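Contents: one structure, followed by commentary.
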Amino acid sequence: MNIVIVGAGEIGRSVAATLAAEGHDVNLVEQNEERAEHAAAELDVRVVCGNGARPQVLYDAGVREGCNVDLLVACTNRDEVNMLSCWIARHAGVRRVISRVRGLEFTDSPTWGQELGIDLMISPERSVAREILELLSVSTAVRTAELLGGRAAIYAFRIAEESPLVDRSLKQIRMDHPDLVAIVVYVERSEEEPIVPDGDTVLRAGDLCYVVSYREQVWRLEKLFQLKSSRPLRKVFVVGGGKLGYQVVQRLQKEYGNVKIRLIDQDPHQCEKLASELGEALVLNGDGADRALLLEEGIEEADGYVCATSSDEVNLIYAAIAKSMGAHKSIAVVRRHLYHDMPNYMPVDAVVDLNEALASVILRTIRYPGHTRALSIIEKIDAEMLEIVLPEDSGLVDIPLAELGLPKGVLVALLGRGQEISVPTGTTRLQPRDHLILFASTALMREAVELFGGMAP
C-alpha cells in the first residue's frame, strides 16, 4: 500500500517503521526539522518536512487530486492538525483516513468523524483506563487486556516458587483442573528465548505466563500462579488530572462505588474543575510525591497508586516512591518504549504504554480492516490476538479443530458460543457465529484469518 503518516513522534515513527518493514511505501510528514532529520536517517521511508495540515505539504507527500494514496494516518499531538490533514486527504481522493484525537469529546459521538469523512478517530485513553482498572482489580497481574467484550481477558502472571504449577506440564495442569477455562499462550523465561508453548511445555518458578481466560475465573488463576487473591479495592490514589487520570477515576467510581479515591494534581484551576465534575472523589492540589501529603491521606492503606502525568520519568519515580511507602500496587503510565522493562529495575508493579496502545490500534486497523478487536500483546515476538466470528456459510463448520490443519504457532485460544466461553480442544467442532479468539504471530495471523474467513464481531 501507499501510505502517508503525518507526525514523526513516538507513535508515527513506530507505525512508519513497522509498515515499511512489511513492504509498504511510506511517506512521513513532520514539521519539526530536527525530528524530520532523525526520521530520515533512521527509517526506510521518504520524509517530507512541513505542517501536515497544509495542502502544499501534503501535495509534496503525494496527497493530491487523483492520487494513488491508499491510507493517511494523522498522529501528531494536535487534534486540529490531525483532523484537517484527514479532511484534505479525503477530498483529494485518499481511500481511507485515520486520525488520532486527544480530546475525548471527538470520540464521544461518531458524528464528528462521519461529517469530516474520517474513517476512524482514535483516542487511546479509554482503552488504557480499562487496562489500568483491570490491573488494579487483579493485583498480581503485570499486564492485562479484555477480550470478547469484557467477558474474557489476557493476563500476565509470574509463577511463585511455591505454586502448584511448578514442574508441571500444561497437559498435566489441564488434567488437574479440567473445569478451568484458561490457556497459556506465551511464556517468558529468564535468560532464555520466549516460548510459544504446547501441551508438553513444563512450567518453572519465575516464568511470566500470558494466560487467556474467562474473566470470572481470574481469581482461581491468581491462587494457582501466585497463591494469593486480590483484595477488594478500598482506596486508590491517582496522580495527574488530565484526560487519562479523569477516565481512571470515572471508571473506578462506576465499577467500585465505595472505593475512596484521592486525585492529586498540581494545577489549582484544574483541581477546581475536577472537584466539580467527579462527585465523591477527593481532589487534592499538591505533589503526588509529597511524603507528608501521602502519609496524611493514608498511602500505606492504598490498594493502588496510578501516576498518569505527562512525564514518563515523573510517573516512574513517583510510582516507585508510593510503592516504597506501602501502596499495594503501583502503576506508571509511560509513552516511550524505552521504559517498558523498568519494573525489573525499580519498585514499580506495572507500566502502561499510552503510545503503544495507540500504535497497536492503528496497525491492526491497517492489517485487518473491520477487525477492531485485534490486540497486539507481545511485542518481543510480534504476537497478536484477533477476535473473529465464523461466517454462516463457512466450510469449517462441524469439522474438528485437529483436522483443520492450523499452521504451527496458530492457536484458537477461546471459543464463545452464545453465553458460553470455553477453551477448545482438538475434538471441538466449530459452529456458525462462533466467536473465536485467535493467537498467532503477525506473520501467521493473515494466513489464519484467510483460513477461517472470519468476519469482524
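By order in the C-alpha cells, chains are A, B, ...; within a chain, residues start at 1; ligands start at 1, following the order shown.
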
Compile the contact shell of stretch 323-328 of chain A as a PDB file with C-alpha atoms, in the first residue's frame: residues with an atom at most 9 Å away, counting only C-alpha atoms, same-chain residues fewer than 4 positions apart removed.
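Just written: out24.pdb:
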ATOM      1  CA  SER A 139      -3.368  -7.112  41.752  1.00  0.00           C
ATOM      2  CA  VAL A 236      -6.822   4.308  45.230  1.00  0.00           C
ATOM      3  CA  ARG A 291       5.585  12.437  51.620  1.00  0.00           C
ATOM      4  CA  LEU A 294       0.683  10.871  51.060  1.00  0.00           C
ATOM      5  CA  LEU A 295       1.037   9.855  54.710  1.00  0.00           C
ATOM      6  CA  ILE A 299      -0.824   5.828  51.338  1.00  0.00           C
ATOM      7  CA  GLU A 300       0.103   2.764  53.411  1.00  0.00           C
ATOM      8  CA  GLU A 301      -3.529   1.620  53.128  1.00  0.00           C
ATOM      9  CA  ALA A 302      -3.784   2.217  49.390  1.00  0.00           C
ATOM     10  CA  ASP A 303      -4.731  -0.721  47.194  1.00  0.00           C
ATOM     11  CA  GLY A 304      -3.426   1.142  44.173  1.00  0.00           C
ATOM     12  CA  TYR A 305      -1.391   4.176  43.116  1.00  0.00           C
ATOM     13  CA  TYR A 318       6.514   8.748  41.856  1.00  0.00           C
ATOM     14  CA  ALA A 319       5.126   5.212  41.463  1.00  0.00           C
ATOM     15  CA  PRO A 347       9.838  -0.913  42.727  1.00  0.00           C
ATOM     16  CA  VAL A 348       7.021  -0.349  40.235  1.00  0.00           C
ATOM     17  CA  ASP A 349       4.490  -3.131  39.718  1.00  0.00           C
TER      18      ASP A 349
END

DSSP strand (DSSP E) residues within stretch 108-345 of chain A, listed as JSON, numbers by chain: {"A": [120, 121, 122, 143, 144, 145, 146, 147, 152, 153, 154, 155, 156, 157, 158, 182, 183, 184, 185, 186, 187, 188, 208, 209, 210, 211, 212, 213, 214, 235, 236, 237, 238, 239, 260, 261, 262, 263, 264, 265, 282, 283, 284, 285, 304, 305, 306, 307, 330, 331, 332, 333, 334]}

Mind running stretch 128-242 of chain A against stretch 438-453 of chain A at 12 Å and telling me each contacting residue's nearest atom pair with the distance in Å (one decimal), counting only C-alpha atoms, chain and number ascending, as a tab-separated table?
residue	atom	partner	partner_atom	distance
A:Leu147	CA	A:Leu438	CA	10.9
A:Leu148	CA	A:Leu438	CA	11.6
A:Ile154	CA	A:Phe439	CA	11.0
A:Ile183	CA	A:Phe439	CA	10.8
A:Val184	CA	A:Phe439	CA	10.7
A:Val185	CA	A:Phe439	CA	7.5
A:Tyr186	CA	A:Phe439	CA	9.7
A:Val196	CA	A:Ala440	CA	9.4
A:Pro197	CA	A:Phe439	CA	11.9
A:Tyr210	CA	A:Phe439	CA	11.4
A:Val211	CA	A:Phe439	CA	11.3
A:Val212	CA	A:Phe439	CA	9.8

message: So that I can see what lies close to A:Asn68, please list as an NGL selection string the residues with an atom at most 9 Å from it, counting only C-alpha atoms and leaving out residues fewer than 4 positions away in the same chain.
response: :A and (2 or 62-64 or 93-95)

Could the residues in this selection be saved with N, CA, C and O atoms as a PDB file, in the first residue's frame?
ATOM      1  N   ASN A   2       0.292   2.324  -0.504  1.00  0.00           N
ATOM      2  CA  ASN A   2       0.927   3.636  -0.473  1.00  0.00           C
ATOM      3  C   ASN A   2       0.333   4.398   0.712  1.00  0.00           C
ATOM      4  O   ASN A   2      -0.864   4.707   0.727  1.00  0.00           O
ATOM      5  N   GLY A  62       2.444  13.370  -1.696  1.00  0.00           N
ATOM      6  CA  GLY A  62       1.694  12.518  -2.613  1.00  0.00           C
ATOM      7  C   GLY A  62       0.197  12.627  -2.499  1.00  0.00           C
ATOM      8  O   GLY A  62      -0.545  11.951  -3.226  1.00  0.00           O
ATOM      9  N   VAL A  63      -0.289  13.455  -1.560  1.00  0.00           N
ATOM     10  CA  VAL A  63      -1.740  13.615  -1.384  1.00  0.00           C
ATOM     11  C   VAL A  63      -2.210  14.744  -2.291  1.00  0.00           C
ATOM     12  O   VAL A  63      -2.053  15.924  -1.988  1.00  0.00           O
ATOM     13  N   ARG A  64      -2.777  14.354  -3.405  1.00  0.00           N
ATOM     14  CA  ARG A  64      -3.225  15.326  -4.401  1.00  0.00           C
ATOM     15  C   ARG A  64      -4.398  14.717  -5.167  1.00  0.00           C
ATOM     16  O   ARG A  64      -4.629  13.497  -5.087  1.00  0.00           O
ATOM     17  N   GLY A  93      -9.015  12.401  -2.472  1.00  0.00           N
ATOM     18  CA  GLY A  93      -9.276  11.066  -3.001  1.00  0.00           C
ATOM     19  C   GLY A  93      -8.554   9.939  -2.297  1.00  0.00           C
ATOM     20  O   GLY A  93      -8.562   8.798  -2.784  1.00  0.00           O
ATOM     21  N   VAL A  94      -7.912  10.217  -1.140  1.00  0.00           N
ATOM     22  CA  VAL A  94      -7.275   9.136  -0.378  1.00  0.00           C
ATOM     23  C   VAL A  94      -8.360   8.164   0.089  1.00  0.00           C
ATOM     24  O   VAL A  94      -9.416   8.579   0.590  1.00  0.00           O
ATOM     25  N   ARG A  95      -8.123   6.878  -0.065  1.00  0.00           N
ATOM     26  CA  ARG A  95      -9.158   5.874   0.158  1.00  0.00           C
ATOM     27  C   ARG A  95      -9.616   5.762   1.613  1.00  0.00           C
ATOM     28  O   ARG A  95     -10.798   5.635   1.899  1.00  0.00           O
TER      29      ARG A  95
END

task: Determine which residues of stretch 156-188 of chain A DSSP labels as alpha helix (DSSP H) from the backbone of this structure, then write them out as a ChimeraX atom specification.
output: /A:170-176

Residues as selected, N, CA and C atoms, written as a PDB file, in the first residue's frame, can you do that?
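For reference, again.pdb as written:
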ATOM      1  N   LEU A 170       1.763 -28.309  30.796  1.00  0.00           N
ATOM      2  CA  LEU A 170       0.442 -27.729  30.555  1.00  0.00           C
ATOM      3  C   LEU A 170      -0.614 -28.814  30.376  1.00  0.00           C
ATOM      4  N   LYS A 171      -0.203 -29.952  29.802  1.00  0.00           N
ATOM      5  CA  LYS A 171      -1.130 -31.071  29.646  1.00  0.00           C
ATOM      6  C   LYS A 171      -1.558 -31.599  31.017  1.00  0.00           C
ATOM      7  N   GLN A 172      -0.585 -31.727  31.938  1.00  0.00           N
ATOM      8  CA  GLN A 172      -0.904 -32.205  33.285  1.00  0.00           C
ATOM      9  C   GLN A 172      -1.786 -31.200  34.037  1.00  0.00           C
ATOM     10  N   ILE A 173      -1.489 -29.918  33.864  1.00  0.00           N
ATOM     11  CA  ILE A 173      -2.273 -28.882  34.546  1.00  0.00           C
ATOM     12  C   ILE A 173      -3.718 -28.919  34.079  1.00  0.00           C
ATOM     13  N   ARG A 174      -3.913 -29.149  32.791  1.00  0.00           N
ATOM     14  CA  ARG A 174      -5.284 -29.218  32.273  1.00  0.00           C
ATOM     15  C   ARG A 174      -6.020 -30.422  32.851  1.00  0.00           C
ATOM     16  N   MET A 175      -5.305 -31.533  33.036  1.00  0.00           N
ATOM     17  CA  MET A 175      -5.927 -32.717  33.638  1.00  0.00           C
ATOM     18  C   MET A 175      -6.233 -32.487  35.122  1.00  0.00           C
ATOM     19  N   ASP A 176      -5.336 -31.732  35.792  1.00  0.00           N
ATOM     20  CA  ASP A 176      -5.547 -31.434  37.214  1.00  0.00           C
ATOM     21  C   ASP A 176      -6.744 -30.504  37.428  1.00  0.00           C
TER      22      ASP A 176
END
